[in-house]
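Trainee: Starting off with a structure, shown below.
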Amino acid sequence: MTRIHLLPGREKSLLRRHPWIFDGAVKEKNAPVKPGETVLVCDAKDIPLALGAWSPASQLRIRIWSFDPSETVDAAFFRRRIAQAVALREKLGVLDPDGGCRLIYSESDQLPGVIVDRYADFAAVQFLSAGAELHRQTIADALLELPFINGVYERSDATVRRKENLPERCGCLAGKNIPGKIIIKENDLSFEVDLLNGQKTGFYFDLRSARAEVRRLAHGKRVLNMFSYTGGFACAALSGGAVSVTSADSSAPALEQSKRNLQLNGFTGDHQHICADVFNLLRQLEAGKEKFDLVILDPPKLIPHKGAMMRGCRAYQDLARLGYKLLAPGGILCNFSCSGAMESALFQKITADAAVEAGVNARLVRHLEQSPDHPTLLSVPETFYLKGLITVID
Ligand code: SAH
């Protein structure tokens, strides 16, 4: 195994169990190591500290697999890590056979670059780093050994793979072939998920707790559901007794899927789907007279990298201001940010500024966050990304 040395003093984050080593911290940054190969990370005095995967194309040069340098990164290693991730989901009670959940959440489950979502008896997998890529078949085979998994499907079509010089790839990796669409249960609701063409792996499990909260709040409300994707919040609101739901998304296939999900759950009532850019639509709605009692704003990541911070913050504030403007007295805003670069306190400040701009007095009644099957590893604060605020206006 190649020994890679950190420059003097650059082992500090690693000693705090943070698994990322950037090229600037590495002495042999151009070492002739193959993409994804395991290296032994040593400090400047040649003391072994950890095992990591080498990513020659990325500034994030090494991702740590293990802080125990005597471990071996082999099939047994991946089986152990997967078993640990499964045990946590078991504790959380999210392994309902007909349901779905995030089974492996990358750094949080000490498998950097590996994302696994379970949809009933299928695992949909994303390999996002050179190390994950090198071991993809081993990981897929280990997943297939789980008693509740019968097929493993790869959705490595995420653009972040470009940073690692990895091509996009999708297809069956192990076990039985995927039927294309699959129906899963969440909070007693059914959702049809398109595993082949849906966004990411098909469904946003990180919003499970938020959808349950929306269900509790929706009774008797006129709901505006922006960035609605396949109707997760729409179904939650209707099951909670919303009197009407207006959903909008820029993706026509997502809206078609949303309609099917409403049918699947027997919601025939007042629901409108609008295919539009939400930023424009909110301005149009603001010009009209219609008001809502619950406005949900769940945009995609508006700060994809640090350089987009200012623009992203303005967009979040813009959305919240328009959301507040559309609320009837006593109305509720439920706004989200899934941008990791957006700190909780800043998101709250932006939302507060938006309320001032909209001329409303708003009270924060609840913080929402990613569901527990997307745990935050305390040593890796970057694993926390989803923030939601429920505010009520006078
Ligand atoms: N709330 C959803 C998840 C939303 S994901 C759920 O419960 O599952 C973000 C969504 O925003 C995606 O469906 C994407 O198609 C949509 N989107 C992105 N940019 C948009 C825009 N400018 N206007 C409308 N929709 C947009």
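Scheme for the structure tokens: letters A, B, ... for chains in order shown; per-chain residue numbers from 1; ligand numbers from 1 in order shown.
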For ligand 1, collect every residue having any atom at a distance of at most 9 Å from a ligand atom (counting only C-alpha atoms and all ligand atoms); output as number ranges by chain.

Mentor: A: 199, 203-208, 210-211, 225-234, 248-255, 275-281, 296-302

Trainee: Store the residues picked out above in a file with C-alpha atoms, as a PDB file, in the first residue's frame.

Mentor:
```
ATOM      1  CA  GLN A 199     -34.377  12.918  -9.709  1.00  0.00           C
ATOM      2  CA  PHE A 203     -37.594  10.164  -4.028  1.00  0.00           C
ATOM      3  CA  TYR A 204     -36.588  12.660  -1.328  1.00  0.00           C
ATOM      4  CA  PHE A 205     -36.542  10.597   1.856  1.00  0.00           C
ATOM      5  CA  ASP A 206     -34.874  13.486   3.688  1.00  0.00           C
ATOM      6  CA  LEU A 207     -38.287  15.206   3.815  1.00  0.00           C
ATOM      7  CA  ARG A 208     -40.148  12.384   5.559  1.00  0.00           C
ATOM      8  CA  ALA A 210     -41.260  17.461   7.218  1.00  0.00           C
ATOM      9  CA  ARG A 211     -44.091  15.777   5.297  1.00  0.00           C
ATOM     10  CA  ASN A 225     -46.940  23.701  -2.632  1.00  0.00           C
ATOM     11  CA  MET A 226     -43.983  25.124  -4.546  1.00  0.00           C
ATOM     12  CA  PHE A 227     -41.219  22.943  -6.074  1.00  0.00           C
ATOM     13  CA  SER A 228     -43.629  20.065  -5.647  1.00  0.00           C
ATOM     14  CA  TYR A 229     -41.721  17.300  -7.517  1.00  0.00           C
ATOM     15  CA  THR A 230     -43.792  14.076  -7.344  1.00  0.00           C
ATOM     16  CA  GLY A 231     -46.366  15.309  -4.860  1.00  0.00           C
ATOM     17  CA  GLY A 232     -44.909  14.327  -1.492  1.00  0.00           C
ATOM     18  CA  PHE A 233     -46.168  17.419   0.302  1.00  0.00           C
ATOM     19  CA  ALA A 234     -49.396  17.502  -1.751  1.00  0.00           C
ATOM     20  CA  ALA A 248     -46.002  23.850  -9.085  1.00  0.00           C
ATOM     21  CA  ASP A 249     -42.764  22.518 -10.504  1.00  0.00           C
ATOM     22  CA  SER A 250     -40.731  23.157 -13.647  1.00  0.00           C
ATOM     23  CA  SER A 251     -40.558  19.429 -14.428  1.00  0.00           C
ATOM     24  CA  ALA A 252     -43.538  18.136 -16.441  1.00  0.00           C
ATOM     25  CA  PRO A 253     -42.734  14.441 -15.779  1.00  0.00           C
ATOM     26  CA  ALA A 254     -42.567  15.152 -12.027  1.00  0.00           C
ATOM     27  CA  LEU A 255     -46.013  16.758 -12.168  1.00  0.00           C
ATOM     28  CA  CYS A 275     -45.845  23.569 -14.776  1.00  0.00           C
ATOM     29  CA  ALA A 276     -43.895  26.785 -14.308  1.00  0.00           C
ATOM     30  CA  ASP A 277     -40.844  28.517 -12.985  1.00  0.00           C
ATOM     31  CA  VAL A 278     -41.781  29.109  -9.355  1.00  0.00           C
ATOM     32  CA  PHE A 279     -40.021  32.482  -9.139  1.00  0.00           C
ATOM     33  CA  ASN A 280     -42.193  33.811 -11.984  1.00  0.00           C
ATOM     34  CA  LEU A 281     -45.325  32.062 -10.806  1.00  0.00           C
ATOM     35  CA  ILE A 296     -44.513  25.409   1.234  1.00  0.00           C
ATOM     36  CA  LEU A 297     -41.269  26.447  -0.456  1.00  0.00           C
ATOM     37  CA  ASP A 298     -38.858  23.581  -1.078  1.00  0.00           C
ATOM     38  CA  PRO A 299     -36.456  24.735  -3.813  1.00  0.00           C
ATOM     39  CA  PRO A 300     -33.475  22.752  -5.131  1.00  0.00           C
ATOM     40  CA  LYS A 301     -30.028  23.635  -3.797  1.00  0.00           C
ATOM     41  CA  LEU A 302     -29.789  27.358  -4.592  1.00  0.00           C
TER      42      LEU A 302
END
```

Trainee: Write out as a PDB file with all heavy atoms, in the first residue's frame the residues lying within 9 Å of Lys291 of chain A, counting only C-alpha atoms and excluding same-chain residues fewer than 4 positions away.

Mentor:
```pdb
ATOM      1  N   ARG A 222     -55.923  26.122   2.705  1.00  0.00           N
ATOM      2  CA  ARG A 222     -55.634  26.246   1.270  1.00  0.00           C
ATOM      3  C   ARG A 222     -54.107  26.251   1.157  1.00  0.00           C
ATOM      4  O   ARG A 222     -53.450  27.134   1.712  1.00  0.00           O
ATOM      5  CB  ARG A 222     -56.192  27.565   0.726  1.00  0.00           C
ATOM      6  CG  ARG A 222     -57.711  27.674   0.773  1.00  0.00           C
ATOM      7  CD  ARG A 222     -58.149  29.110   0.639  1.00  0.00           C
ATOM      8  NE  ARG A 222     -57.798  29.887   1.826  1.00  0.00           N
ATOM      9  CZ  ARG A 222     -57.974  31.201   1.935  1.00  0.00           C
ATOM     10  NH1 ARG A 222     -58.484  31.899   0.942  1.00  0.00           N
ATOM     11  NH2 ARG A 222     -57.626  31.833   3.053  1.00  0.00           N
ATOM     12  N   LEU A 285     -48.828  35.252  -9.001  1.00  0.00           N
ATOM     13  CA  LEU A 285     -49.844  35.035  -7.966  1.00  0.00           C
ATOM     14  C   LEU A 285     -49.965  36.260  -7.066  1.00  0.00           C
ATOM     15  O   LEU A 285     -51.057  36.622  -6.638  1.00  0.00           O
ATOM     16  CB  LEU A 285     -49.499  33.797  -7.125  1.00  0.00           C
ATOM     17  CG  LEU A 285     -49.661  32.438  -7.815  1.00  0.00           C
ATOM     18  CD1 LEU A 285     -49.062  31.328  -6.955  1.00  0.00           C
ATOM     19  CD2 LEU A 285     -51.136  32.138  -8.103  1.00  0.00           C
ATOM     20  N   GLU A 286     -48.815  36.887  -6.793  1.00  0.00           N
ATOM     21  CA  GLU A 286     -48.818  38.054  -5.922  1.00  0.00           C
ATOM     22  C   GLU A 286     -49.653  39.181  -6.540  1.00  0.00           C
ATOM     23  O   GLU A 286     -50.333  39.926  -5.831  1.00  0.00           O
ATOM     24  CB  GLU A 286     -47.382  38.527  -5.678  1.00  0.00           C
ATOM     25  CG  GLU A 286     -47.265  39.524  -4.553  1.00  0.00           C
ATOM     26  CD  GLU A 286     -46.021  40.392  -4.668  1.00  0.00           C
ATOM     27  OE1 GLU A 286     -45.171  40.150  -5.540  1.00  0.00           O
ATOM     28  OE2 GLU A 286     -45.924  41.343  -3.876  1.00  0.00           O
ATOM     29  N   LYS A 325     -46.125  37.174   1.270  1.00  0.00           N
ATOM     30  CA  LYS A 325     -47.096  38.063   0.610  1.00  0.00           C
ATOM     31  C   LYS A 325     -48.369  37.308   0.226  1.00  0.00           C
ATOM     32  O   LYS A 325     -49.440  37.901   0.117  1.00  0.00           O
ATOM     33  CB  LYS A 325     -46.479  38.653  -0.664  1.00  0.00           C
ATOM     34  CG  LYS A 325     -45.445  39.724  -0.394  1.00  0.00           C
ATOM     35  CD  LYS A 325     -46.130  41.064  -0.453  1.00  0.00           C
ATOM     36  CE  LYS A 325     -45.124  42.198  -0.515  1.00  0.00           C
ATOM     37  NZ  LYS A 325     -45.794  43.479  -0.305  1.00  0.00           N
ATOM     38  N   LEU A 326     -48.216  36.020  -0.015  1.00  0.00           N
ATOM     39  CA  LEU A 326     -49.367  35.236  -0.487  1.00  0.00           C
ATOM     40  C   LEU A 326     -50.182  34.627   0.651  1.00  0.00           C
ATOM     41  O   LEU A 326     -51.170  33.933   0.415  1.00  0.00           O
ATOM     42  CB  LEU A 326     -48.886  34.127  -1.431  1.00  0.00           C
ATOM     43  CG  LEU A 326     -48.410  34.640  -2.788  1.00  0.00           C
ATOM     44  CD1 LEU A 326     -47.641  33.577  -3.542  1.00  0.00           C
ATOM     45  CD2 LEU A 326     -49.617  35.100  -3.606  1.00  0.00           C
ATOM     46  N   LEU A 327     -49.759  34.861   1.881  1.00  0.00           N
ATOM     47  CA  LEU A 327     -50.472  34.257   3.022  1.00  0.00           C
ATOM     48  C   LEU A 327     -51.657  35.122   3.456  1.00  0.00           C
ATOM     49  O   LEU A 327     -51.558  36.352   3.538  1.00  0.00           O
ATOM     50  CB  LEU A 327     -49.523  34.093   4.208  1.00  0.00           C
ATOM     51  CG  LEU A 327     -48.522  32.935   4.159  1.00  0.00           C
ATOM     52  CD1 LEU A 327     -47.599  32.982   5.385  1.00  0.00           C
ATOM     53  CD2 LEU A 327     -49.219  31.579   4.081  1.00  0.00           C
ATOM     54  N   ALA A 328     -52.741  34.446   3.773  1.00  0.00           N
ATOM     55  CA  ALA A 328     -53.881  35.109   4.426  1.00  0.00           C
ATOM     56  C   ALA A 328     -53.493  35.354   5.883  1.00  0.00           C
ATOM     57  O   ALA A 328     -52.561  34.714   6.398  1.00  0.00           O
ATOM     58  CB  ALA A 328     -55.096  34.188   4.336  1.00  0.00           C
TER      59      ALA A 328
END
```

Trainee: Got a sec to tell me which of segment 60-141 of chain A DSSP assigns to helix (DSSP H, G or I), as number ranges by chain?

Mentor: A: 75-92, 106-109, 130-134, 136-141

Trainee: Using only C-alpha atoms, find the one residue out of A:Leu51, A:Ala132, A:Val125, A:Leu262 that sits nearest to Tyr153 of chain A.

Mentor: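 Under the stated criterion, the closest residue is A:Val125.
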
Trainee: Which neighbours of Asn335 of chain A fall inside 12 Å, counting only C-alpha atoms, when residues of the same chain fewer than 5 positions from it are skipped, and could you give them as a compact mmCIF listing (two decimals) with N, CA, C and O atoms, in the first residue's frame?

Mentor:
```txt
# COMPACT_ATOMS: atom_id res chain seq x y z
N ALA A 210 -40.61 16.20 7.60
CA ALA A 210 -41.26 17.46 7.22
C ALA A 210 -42.65 17.19 6.65
O ALA A 210 -43.60 17.93 6.91
N VAL A 214 -46.22 18.67 7.88
CA VAL A 214 -47.19 19.35 7.00
C VAL A 214 -48.56 18.70 7.12
O VAL A 214 -49.59 19.37 7.16
N LEU A 224 -50.40 26.11 -0.82
CA LEU A 224 -49.59 26.38 -2.02
C LEU A 224 -48.28 25.60 -1.85
O LEU A 224 -47.52 25.85 -0.92
N ASN A 225 -48.05 24.64 -2.76
CA ASN A 225 -46.94 23.70 -2.63
C ASN A 225 -45.95 23.95 -3.76
O ASN A 225 -46.12 23.44 -4.87
N MET A 226 -44.90 24.72 -3.48
CA MET A 226 -43.98 25.12 -4.55
C MET A 226 -42.75 24.22 -4.61
O MET A 226 -42.21 23.84 -3.59
N PHE A 227 -42.29 23.92 -5.81
CA PHE A 227 -41.22 22.94 -6.07
C PHE A 227 -41.74 21.57 -5.61
O PHE A 227 -41.16 20.92 -4.75
N LEU A 294 -51.36 28.03 3.90
CA LEU A 294 -50.09 27.32 4.14
C LEU A 294 -49.29 27.34 2.85
O LEU A 294 -49.77 26.86 1.81
N VAL A 295 -48.12 27.95 2.91
CA VAL A 295 -47.26 28.01 1.72
C VAL A 295 -45.99 27.20 1.99
O VAL A 295 -45.31 27.42 3.01
N ILE A 296 -45.71 26.25 1.10
CA ILE A 296 -44.51 25.41 1.23
C ILE A 296 -43.53 25.79 0.13
O ILE A 296 -43.91 25.80 -1.05
N LEU A 297 -42.31 26.08 0.52
CA LEU A 297 -41.27 26.45 -0.46
C LEU A 297 -40.09 25.50 -0.28
O LEU A 297 -39.35 25.61 0.70
N ASP A 298 -39.94 24.58 -1.20
CA ASP A 298 -38.86 23.58 -1.08
C ASP A 298 -38.00 23.57 -2.34
O ASP A 298 -38.03 22.60 -3.12
N PRO A 299 -37.22 24.63 -2.56
CA PRO A 299 -36.46 24.74 -3.81
C PRO A 299 -35.29 23.74 -3.86
O PRO A 299 -34.90 23.21 -2.82
N PRO A 300 -34.72 23.53 -5.06
CA PRO A 300 -33.47 22.75 -5.13
C PRO A 300 -32.36 23.56 -4.48
O PRO A 300 -32.57 24.70 -4.05
N TYR A 316 -33.28 32.83 -1.88
CA TYR A 316 -34.05 32.31 -0.73
C TYR A 316 -34.92 33.41 -0.12
O TYR A 316 -36.07 33.20 0.26
N GLN A 317 -34.34 34.62 -0.04
CA GLN A 317 -35.08 35.73 0.58
C GLN A 317 -36.26 36.14 -0.30
O GLN A 317 -37.36 36.41 0.20
N ASP A 318 -36.00 36.17 -1.60
CA ASP A 318 -37.03 36.48 -2.58
C ASP A 318 -38.22 35.53 -2.44
O ASP A 318 -39.38 35.94 -2.37
N LEU A 319 -37.89 34.24 -2.36
CA LEU A 319 -38.95 33.22 -2.24
C LEU A 319 -39.76 33.43 -0.96
O LEU A 319 -40.99 33.44 -0.98
N ALA A 320 -39.05 33.62 0.16
CA ALA A 320 -39.75 33.75 1.44
C ALA A 320 -40.63 35.00 1.44
O ALA A 320 -41.77 34.97 1.92
N ARG A 321 -40.10 36.11 0.88
CA ARG A 321 -40.89 37.34 0.84
C ARG A 321 -42.17 37.12 0.04
O ARG A 321 -43.27 37.47 0.49
N LEU A 322 -42.04 36.49 -1.14
CA LEU A 322 -43.22 36.24 -1.97
C LEU A 322 -44.18 35.29 -1.26
O LEU A 322 -45.40 35.45 -1.31
N GLY A 323 -43.61 34.29 -0.57
CA GLY A 323 -44.44 33.35 0.18
C GLY A 323 -45.27 34.07 1.23
O GLY A 323 -46.49 33.87 1.35
N TYR A 324 -44.61 34.95 2.00
CA TYR A 324 -45.33 35.71 3.04
C TYR A 324 -46.43 36.58 2.42
O TYR A 324 -47.52 36.71 2.97
N PHE A 347 -30.11 31.27 7.56
CA PHE A 347 -31.40 31.01 6.93
C PHE A 347 -32.53 31.67 7.73
O PHE A 347 -33.46 32.25 7.17
N GLN A 348 -32.40 31.60 9.04
CA GLN A 348 -33.41 32.24 9.89
C GLN A 348 -33.38 33.76 9.70
O GLN A 348 -34.43 34.41 9.61
N ILE A 350 -32.35 35.44 7.03
CA ILE A 350 -32.88 35.74 5.70
C ILE A 350 -34.41 35.69 5.71
O ILE A 350 -35.09 36.55 5.13
N THR A 351 -34.95 34.70 6.41
CA THR A 351 -36.40 34.56 6.49
C THR A 351 -36.99 35.73 7.28
O THR A 351 -38.05 36.27 6.92
N ALA A 352 -36.28 36.13 8.34
CA ALA A 352 -36.74 37.28 9.13
C ALA A 352 -36.75 38.55 8.27
O ALA A 352 -37.70 39.34 8.30
N ALA A 354 -37.07 38.69 5.08
CA ALA A 354 -38.14 38.55 4.09
C ALA A 354 -39.49 38.95 4.71
O ALA A 354 -40.32 39.59 4.06
N LEU A 364 -41.55 32.14 14.66
CA LEU A 364 -40.99 30.82 14.35
C LEU A 364 -41.54 29.82 15.36
O LEU A 364 -41.38 30.02 16.57
N ARG A 366 -41.33 26.23 14.69
CA ARG A 366 -40.63 24.94 14.61
C ARG A 366 -39.50 24.96 13.59
O ARG A 366 -39.62 25.55 12.53
N HIS A 367 -38.40 24.29 13.98
CA HIS A 367 -37.32 24.04 13.03
C HIS A 367 -37.53 22.64 12.46
O HIS A 367 -37.83 21.71 13.21
N LEU A 368 -37.32 22.48 11.17
CA LEU A 368 -37.35 21.15 10.57
C LEU A 368 -35.95 20.83 10.06
O LEU A 368 -35.16 21.73 9.78
N GLU A 369 -35.67 19.56 9.94
CA GLU A 369 -34.37 19.17 9.40
C GLU A 369 -34.49 17.84 8.68
O GLU A 369 -35.56 17.23 8.68
N LEU A 386 -30.13 20.06 5.51
CA LEU A 386 -31.52 20.47 5.25
C LEU A 386 -32.11 21.24 6.44
O LEU A 386 -32.17 20.72 7.55
N LYS A 387 -32.49 22.48 6.16
CA LYS A 387 -33.08 23.32 7.20
C LYS A 387 -34.48 23.73 6.75
O LYS A 387 -34.68 24.07 5.59
N GLY A 388 -35.42 23.69 7.66
CA GLY A 388 -36.76 24.16 7.35
C GLY A 388 -37.27 24.99 8.50
O GLY A 388 -36.93 24.74 9.66
N LEU A 389 -38.04 26.02 8.19
CA LEU A 389 -38.61 26.88 9.24
C LEU A 389 -40.12 26.91 9.08
O LEU A 389 -40.63 27.11 7.97
N ILE A 390 -40.82 26.71 10.16
CA ILE A 390 -42.27 26.91 10.14
C ILE A 390 -42.55 28.20 10.88
O ILE A 390 -42.26 28.30 12.08
N THR A 391 -43.05 29.17 10.17
CA THR A 391 -43.36 30.46 10.80
C THR A 391 -44.83 30.77 10.56
O THR A 391 -45.40 30.44 9.51
N VAL A 392 -45.44 31.43 11.55
CA VAL A 392 -46.85 31.76 11.49
C VAL A 392 -46.97 33.28 11.56
O VAL A 392 -46.33 33.90 12.40
```

Trainee: Using only C-alpha atoms, which of the listed residues (A:Ile393, A:Glu382, A:Asp194, A:Ala308) sits closest to Ser106 of chain A?

Mentor: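 Looking at the shortest contact to Ser106 of chain A, the residue is A:Glu382.
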
Trainee: Write out as a PyMOL selection string the residues lying within 7 Å of segment 378-381 of chain A, counting only C-alpha atoms and excluding same-chain residues fewer than 5 positions away.

Mentor: chain A and resi 16-18

Trainee: Dump N, CA, C and O atoms for the selected residues as a PDB file, in the first residue's frame?

Mentor:
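Output saved as out26.pdb:
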```pdb
ATOM      1  N   ARG A  16      -9.320  14.951  14.480  1.00  0.00           N
ATOM      2  CA  ARG A  16     -10.685  15.216  14.974  1.00  0.00           C
ATOM      3  C   ARG A  16     -11.708  14.360  14.224  1.00  0.00           C
ATOM      4  O   ARG A  16     -12.898  14.600  14.289  1.00  0.00           O
ATOM      5  N   ARG A  17     -11.192  13.399  13.469  1.00  0.00           N
ATOM      6  CA  ARG A  17     -12.022  12.423  12.742  1.00  0.00           C
ATOM      7  C   ARG A  17     -12.833  13.049  11.626  1.00  0.00           C
ATOM      8  O   ARG A  17     -13.983  12.665  11.375  1.00  0.00           O
ATOM      9  N   HIS A  18     -12.241  14.036  10.977  1.00  0.00           N
ATOM     10  CA  HIS A  18     -12.861  14.542   9.756  1.00  0.00           C
ATOM     11  C   HIS A  18     -12.220  13.821   8.568  1.00  0.00           C
ATOM     12  O   HIS A  18     -11.004  13.747   8.480  1.00  0.00           O
TER      13      HIS A  18
END
```

Trainee: Ranking A:Ala57, A:Leu15, A:Leu49, A:Ala287 by minimum distance to Val33 of chain A and counting only C-alpha atoms, which one comes first?

Mentor: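 Looking at the shortest contact to Val33 of chain A, the residue is A:Ala57.
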
Trainee: Rank nothing, just name the residue among A:Leu134, A:Lys200, A:Phe336, A:Ser258 nearest to Gln370 of chain A, using only C-alpha atoms.

Mentor: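 Checking each candidate against Gln370 of chain A, we get A:Phe336 as the closest.
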
Trainee: Just give me the gap between atom CA of Glu213 of chain A and atom CA of Tyr105 of chain A in Å, one decimal is fine.

Mentor: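 Atom-to-atom, atom CA of Glu213 of chain A and atom CA of Tyr105 of chain A are spaced 22.8 Å apart.
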
Trainee: Skip segment 2-14 of chain A itself and residues of its chain fewer than 2 positions away, then list as a PyMOL selection string all residues within 6 Å of it, counting only C-alpha atoms.

Mentor: chain A and resi 16-18+25-27+39-44

Trainee: Tell me which protein, DNA and RNA residues are within 6 Å of segment 111-123 of chain A, counting only C-alpha atoms, leaving out same-chain ones fewer than 3 positions away, and put them as a list of chain:residue names.

Mentor: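 In the requested format, the answer is A:Pro97, A:Asp98, A:Gly99, A:Gly100, A:Cys101, A:Arg102, A:Leu103, A:Ile104, A:Tyr105, A:Ser106, A:Glu107, A:Gln126, A:Phe127, A:Leu128, A:Ser129, A:Ala132, A:Phe148, A:Ile149, A:Asn150, A:Gly151, A:Val152.
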
Trainee: May I ask for the distance between atom CA of Glu186 of chain A and atom CA of Ala85 of chain A, given in Å to one decimal place?

Mentor: 20.0 Å

Trainee: Hey, what does DSSP flag as strand (DSSP E or B) within segment 65-227 of chain A? Can you give it to me as a PyMOL selection string?

Mentor: chain A and resi 65-66+99-105+114-119+122-127+151-156+169-175+181-186+189-194+222-226

Trainee: Here is a test: counting only C-alpha atoms, which residue of A:Leu264, A:Gln272, A:Lys91, A:Arg162 is nearest to Val243 of chain A?

Mentor: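 Looking at the shortest contact to Val243 of chain A, the residue is A:Gln272.
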